[in-house]
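Text of start_13.cif, listed as mmCIF, C-alpha atoms:
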```
data_target
#
loop_
_atom_site.label_atom_id
_atom_site.label_comp_id
_atom_site.auth_asym_id
_atom_site.auth_seq_id
_atom_site.Cartn_x
_atom_site.Cartn_y
_atom_site.Cartn_z
CA LEU A 1 2.32 -41.96 32.18
CA TYR A 2 2.14 -45.50 33.57
CA THR A 3 0.41 -45.95 36.91
CA ILE A 4 0.86 -49.45 38.30
CA GLN A 5 -0.51 -51.02 41.47
CA SER A 6 2.28 -53.35 42.44
CA PRO A 7 1.55 -56.27 44.79
CA TYR A 8 4.92 -55.68 46.47
CA SER A 9 4.97 -52.99 49.16
CA ILE A 10 7.95 -51.78 51.18
CA VAL A 11 5.77 -50.78 54.13
CA THR A 12 3.92 -53.02 56.58
CA ASN A 13 0.50 -51.35 56.77
CA HIS A 14 -0.66 -52.54 53.33
CA ASP A 15 0.36 -55.20 50.82
CA TRP A 16 0.33 -53.08 47.68
CA ARG A 17 1.99 -49.96 46.31
CA TRP A 18 1.16 -47.44 43.60
CA THR A 19 4.01 -46.47 41.28
CA THR A 20 3.73 -43.79 38.59
CA LEU A 21 6.57 -43.44 36.07
CA VAL A 22 6.97 -41.81 32.69
CA GLY A 23 6.98 -43.80 29.46
CA ASP A 24 9.14 -43.09 26.41
CA PRO A 25 8.08 -40.35 23.98
CA PHE A 26 7.85 -41.79 20.46
CA ILE A 27 7.57 -40.92 16.81
CA ASP A 28 6.35 -43.25 14.07
CA PHE A 29 6.18 -43.38 10.28
CA ARG A 30 3.33 -45.28 8.66
CA TYR A 31 2.68 -46.67 5.22
CA THR A 32 -0.62 -48.23 4.16
CA THR A 33 -1.68 -49.75 0.86
CA LYS A 34 -3.98 -52.34 -0.72
CA ARG A 35 -2.47 -55.20 -2.68
CA TYR A 36 -4.05 -58.39 -4.00
CA GLY A 37 -7.31 -57.57 -2.18
CA MET A 38 -5.57 -57.21 1.19
CA ASP A 39 -4.93 -54.25 3.50
CA MET A 40 -1.26 -53.79 4.33
CA THR A 41 0.25 -51.52 6.98
CA SER A 42 3.90 -50.99 7.88
CA ILE A 43 4.92 -48.86 10.87
CA LEU A 44 8.41 -47.81 11.94
CA THR A 45 8.47 -46.52 15.54
CA GLY A 46 11.32 -44.81 17.33
CA THR A 47 11.35 -44.18 21.09
CA ILE A 48 13.33 -41.45 22.83
CA PRO A 49 14.64 -41.97 26.38
CA ILE A 50 14.16 -38.99 28.69
CA SER A 51 15.90 -40.53 31.70
CA GLY A 52 17.45 -43.73 32.95
CA ALA A 53 15.57 -46.98 33.40
CA LYS A 54 15.10 -46.39 37.15
CA ARG A 55 13.09 -43.18 36.63
CA VAL A 56 10.86 -44.21 33.74
CA PHE A 57 9.15 -47.30 32.35
CA SER A 58 11.90 -47.47 29.79
CA THR A 59 15.15 -49.18 28.99
CA GLY A 60 16.90 -45.81 29.20
CA ARG A 61 18.05 -46.14 25.58
CA PHE A 62 16.76 -45.21 22.14
CA GLY A 63 14.47 -47.91 20.75
CA VAL A 64 13.25 -48.87 17.30
CA ASP A 65 10.44 -51.20 16.23
CA TRP A 66 9.24 -52.28 12.78
CA PHE A 67 5.67 -53.61 12.71
CA ASN A 68 3.79 -55.07 9.72
CA HIS A 69 0.11 -55.95 9.43
CA VAL A 70 -1.56 -57.85 6.56
CA GLU A 71 -5.33 -58.33 6.63
CA ALA A 72 -7.93 -59.76 4.25
CA HIS A 73 -11.71 -59.30 4.35
CA TYR A 74 -14.49 -61.71 3.41
CA LYS A 75 -18.10 -61.28 4.58
CA GLY A 76 -17.19 -59.90 8.00
CA LEU A 77 -14.26 -62.28 8.49
CA ALA A 78 -10.81 -60.66 8.66
CA PRO A 79 -7.86 -63.07 8.97
CA PHE A 80 -4.59 -61.28 9.64
CA LEU A 81 -0.86 -61.76 10.00
CA ASN A 82 1.46 -59.51 12.03
CA PHE A 83 5.23 -59.68 12.03
CA GLY A 84 8.14 -57.44 12.88
CA ALA A 85 11.31 -56.90 14.85
CA GLY A 86 12.81 -54.35 17.17
CA SER A 87 15.50 -53.43 19.66
CA GLY A 88 13.19 -54.58 22.45
CA THR A 89 9.52 -54.85 23.33
CA VAL A 90 8.46 -51.36 22.26
CA ASP A 91 4.90 -50.22 23.01
CA ARG A 92 2.83 -49.67 19.86
CA TYR A 93 0.05 -47.12 19.54
CA VAL A 94 -1.41 -48.29 16.23
CA LEU A 95 -3.17 -51.67 16.14
CA PRO A 96 -2.36 -52.42 19.80
CA ARG A 97 -2.18 -56.14 20.44
CA PRO A 98 -3.65 -57.79 23.58
CA TYR A 99 -0.42 -59.60 24.48
CA ASN A 100 1.48 -56.33 24.13
CA ILE A 101 -0.90 -54.11 26.12
CA ALA A 102 -0.90 -56.10 29.35
CA ARG A 103 2.80 -57.03 29.31
CA PRO A 104 4.26 -56.72 32.86
CA TYR A 105 7.81 -56.04 31.61
CA GLN A 106 9.90 -54.42 28.91
CA THR A 107 12.99 -55.87 27.25
CA LEU A 108 16.17 -54.53 25.66
CA GLY A 109 17.82 -56.63 22.97
CA PHE A 110 16.92 -57.79 19.46
CA ILE A 111 13.52 -59.47 19.36
CA SER A 112 11.18 -60.51 16.55
CA ASN A 113 7.43 -60.92 16.92
CA PHE A 114 4.81 -62.95 15.06
CA GLU A 115 1.03 -63.15 15.39
CA ALA A 116 -1.66 -64.86 13.33
CA GLY A 117 -5.39 -64.70 13.95
CA THR A 118 -8.77 -63.51 12.76
CA SER A 119 -11.59 -61.22 13.77
CA PHE A 120 -15.27 -61.40 12.86
CA THR A 121 -17.59 -58.37 12.71
CA ILE A 122 -21.17 -58.86 13.90
CA LEU A 123 -23.94 -56.35 13.13
CA LYS A 124 -21.40 -53.65 12.22
CA HIS A 125 -20.74 -52.48 15.79
CA TYR A 126 -19.46 -55.71 17.38
CA ALA A 127 -16.42 -57.85 16.68
CA VAL A 128 -14.79 -60.92 18.20
CA GLY A 129 -11.26 -62.08 17.58
CA ALA A 130 -8.59 -64.60 18.49
CA SER A 131 -4.90 -64.99 17.75
CA ALA A 132 -1.71 -66.86 18.60
CA TYR A 133 1.59 -65.02 19.11
CA ALA A 134 5.29 -65.62 19.62
CA LEU A 135 8.18 -63.40 20.72
CA VAL A 136 11.51 -64.73 19.45
CA PRO A 137 14.59 -62.93 20.86
CA ALA A 138 18.22 -63.35 19.84
CA GLY A 139 21.42 -62.48 21.64
CA PRO A 140 21.90 -60.92 25.11
CA GLN A 141 18.78 -59.49 26.74
CA LYS A 142 17.78 -57.20 29.60
CA MET A 143 14.34 -57.34 31.20
CA PHE A 144 12.82 -54.45 33.17
CA SER A 145 9.86 -55.19 35.44
CA ARG A 146 6.70 -53.10 35.60
CA LEU A 147 5.65 -54.73 38.87
CA VAL A 148 8.80 -54.55 40.97
CA ALA A 149 9.75 -50.89 41.51
CA PRO A 150 13.44 -49.91 41.13
CA ASP A 151 13.76 -49.11 44.84
CA SER A 152 11.75 -52.06 46.14
CA ALA A 153 13.37 -54.67 48.36
CA VAL A 154 10.20 -56.78 48.22
CA ALA A 155 9.40 -59.05 45.28
CA GLY A 156 7.76 -62.33 44.30
CA ASP A 157 9.13 -65.58 42.99
CA ALA A 158 10.53 -66.30 39.53
CA ASN A 159 8.63 -69.53 38.88
CA HIS A 160 7.79 -70.30 35.22
CA TYR A 161 10.55 -67.92 34.03
CA ARG A 162 8.75 -64.89 35.55
CA TYR A 163 11.93 -62.92 36.20
CA TRP A 164 9.92 -59.66 36.01
CA ASN A 165 8.12 -60.84 39.15
CA ASN A 166 11.37 -61.17 41.13
CA VAL A 167 13.67 -58.23 40.30
CA PHE A 168 13.42 -54.84 38.61
CA GLU A 169 16.23 -55.57 36.15
CA MET A 170 17.32 -58.98 34.87
CA LYS A 171 20.23 -59.72 32.50
CA GLY A 172 20.62 -62.95 30.59
CA ASP A 173 20.60 -64.76 27.27
CA SER A 174 17.73 -64.85 24.78
CA SER A 175 15.69 -67.29 26.85
CA ILE A 176 14.66 -64.66 29.43
CA ALA A 177 12.66 -62.67 26.80
CA ARG A 178 11.05 -65.57 24.93
CA ASP A 179 7.26 -65.83 25.04
CA ASN A 180 4.34 -67.47 23.23
CA GLY A 181 0.64 -67.82 23.83
CA TYR A 182 -2.81 -66.85 22.57
CA SER A 183 -5.42 -64.11 22.97
CA GLY A 184 -9.15 -63.59 22.57
CA TRP A 185 -11.16 -60.37 22.62
CA VAL A 186 -14.53 -58.71 22.07
CA GLN A 187 -14.81 -55.19 20.67
CA VAL A 188 -17.79 -52.81 20.81
CA ALA A 189 -17.96 -49.64 18.69
CA ARG A 190 -21.48 -48.25 19.15
CA VAL A 191 -20.39 -44.71 20.10
CA LYS A 192 -18.76 -42.50 17.46
CA ASN A 193 -14.95 -42.34 17.77
CA LEU A 194 -14.96 -44.66 20.81
CA LYS A 195 -14.11 -48.36 20.87
CA ILE A 196 -14.16 -50.64 23.90
CA GLN A 197 -12.16 -53.85 23.80
CA VAL A 198 -12.28 -56.55 26.49
CA GLY A 199 -9.94 -59.49 26.18
CA TYR A 200 -7.82 -62.21 27.70
CA THR A 201 -4.26 -63.32 26.98
CA TYR A 202 -2.63 -66.53 28.15
CA SER A 203 1.14 -66.85 28.04
CA ILE A 204 2.14 -70.51 27.67
CA HIS A 205 5.79 -69.71 28.39
CA TYR A 206 5.05 -67.86 31.65
CA ALA A 207 1.91 -69.88 32.55
CA LEU A 208 0.19 -66.53 33.08
CA GLY A 209 -3.36 -65.40 32.29
CA THR A 210 -4.10 -61.67 31.93
CA ALA A 211 -7.45 -59.92 31.46
CA PHE A 212 -7.65 -56.35 30.15
CA VAL A 213 -10.05 -53.57 29.19
CA LEU A 214 -8.99 -51.09 26.50
CA LEU A 215 -10.78 -47.80 25.73
CA ARG A 216 -9.73 -46.23 22.42
CA PHE A 217 -10.86 -42.70 21.60
CA ASP A 218 -10.16 -41.01 18.26
CA GLY A 219 -9.81 -37.32 19.07
CA THR A 220 -9.36 -36.13 15.48
CA SER A 221 -12.86 -34.65 15.18
CA LEU A 222 -12.50 -32.93 18.57
CA ILE A 223 -9.22 -31.32 17.54
CA ARG A 224 -10.75 -30.14 14.27
CA PHE A 225 -13.71 -28.63 16.17
CA LEU A 226 -11.45 -26.79 18.62
CA THR A 227 -9.15 -25.49 15.90
CA ALA A 228 -12.00 -24.79 13.42
CA THR A 229 -10.26 -26.76 10.67
CA GLU A 230 -11.67 -29.17 8.10
#
```

What does the file become when written as structure tokens?
Amino acid sequence: LYTIQSPYSIVTNHDWRWTTLVGDPFIDFRYTTKRYGMDMTSILTGTIPISGAKRVFSTGRFGVDWFNHVEAHYKGLAPFLNFGAGSGTVDRYVLPRPYNIARPYQTLGFISNFEAGTSFTILKHYAVGASAYALVPAGPQKMFSRLVAPDSAVAGDANHYRYWNNVFEMKGDSSIARDNGYSGWVQVARVKNLKIQVGYTYSIHYALGTAFVLLRFDGTSLIRFLTATE
């Protein structure tokens, strides 16, 4: 479930509006290995539409995304490279990236993604990181806003290519889905199975800065306790 406080309201007694829509169910297949002293992960994700784009935060079509992560380790330093491609900007639930988490839109159309960066672990429980990213689309694209509701007649401007700020659905060539920028974050993992990540992403293409807080809880041990399994 996505709950968004949009700055565009269709009523006059307040200047904001809450919208709750359903996201796409998904299934993924993962492969991990170690080669040449590096950790490698490859994830193939498929999304399943349960309704049209105007009822869910979705493109209304089946989606596929192939994500690859390569990471090395040296005395707390972990440089990494991410790359992949998909039928649009599909949400990922493994190794979520800052620029992907706070994205105010979703796209439909072939798009490749690249990210390079590093993280540094401090005193076991703390880590800081930074990266640069690029989204490189090709061919016709559709963009679906997460700020402008499907039934809203109120919207903002489209300055700096921010079409997702102006209409719910935008059609165009590859330029409407292009993006590049950089991110920085701090992660704290002092409580078992819980990680807190605070970060900032700046999109150069959209001239947009976004701050976020991410809470990640691994419920595996809880499920094993409730089901009495090892």

- [ ] Would you kindly translate the PyMOL selection byres ((chain A and resi 24) around 7) into the concrete residues it picks from this file, as a list in words?
- [x] Val22, Gly23, Pro25, Phe26, Thr47, Ile48, Pro49, Ile50 and Ser58 of chain A

Give me the residues near Tyr200 in chain A as a PDB file with C-alpha atoms, in the coordinates of the input, where near means some atom within 7 Å (using only C-alpha atoms) and where sequence neighbours in that chain fewer than 3 positions away do not count.
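This went into around00.pdb:
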```pdb
ATOM      1  CA  SER A 183      -5.420 -64.110  22.970  1.00  0.00           C
ATOM      2  CA  GLY A 184      -9.150 -63.590  22.570  1.00  0.00           C
ATOM      3  CA  TRP A 185     -11.160 -60.370  22.620  1.00  0.00           C
ATOM      4  CA  THR A 210      -4.100 -61.670  31.930  1.00  0.00           C
ATOM      5  CA  ALA A 211      -7.450 -59.920  31.460  1.00  0.00           C
ATOM      6  CA  PHE A 212      -7.650 -56.350  30.150  1.00  0.00           C
TER       7      PHE A 212
END
```

Task: Spatial neighbours of His160 in chain A, max dist 9 Å, only C-alpha atoms, sep filter under 6 positions, as a ChimeraX atom specification - done: /A:205-208

Task: Selection result of the PyMOL selection byres ((chain A and resi 81) around 7) on this file, as a VMD selection string - done: chain A and resid 69 to 71 80 82 to 83 115 to 117

Task: Nearest residue to Asp28 in chain A from the set A:Val191, A:Asp151, A:Asp65, A:Trp16 (distances using only C-alpha atoms) - done: A:Asp65

TODO: Check the smallest atom-to-atom distance from each of A:Leu21, A:Leu135, A:Ile27, A:Ala189 to Phe62 in chain A using only C-alpha atoms, then report the winner.
DONE: A:Ile27

- [ ] Pick out the residues sitting within 8 Å of Ser145 in chain A, and hand them over as a list of chain:residue names; count all atoms listed in the file, and ignore anything fewer than 2 positions along from it in its own chain.
- [x] A:Pro104, A:Tyr105, A:Gln106, A:Met143, A:Leu147, A:Val148, A:Ala149, A:Trp164, A:Asn165, A:Val167, A:Phe168, A:Glu169

- [ ] Rounded to one decimal place, report the CA of Ile43 in chain A-CA of Asn113 in chain A distance in Å.
- [x] 13.7 Å

- [ ] Can you give me, as a PyMOL selection string, the residues this file yields under the PyMOL selection byres ((chain A and resi 18) around 9)?
- [x] chain A and resi 3-7+9+16-17+19-20
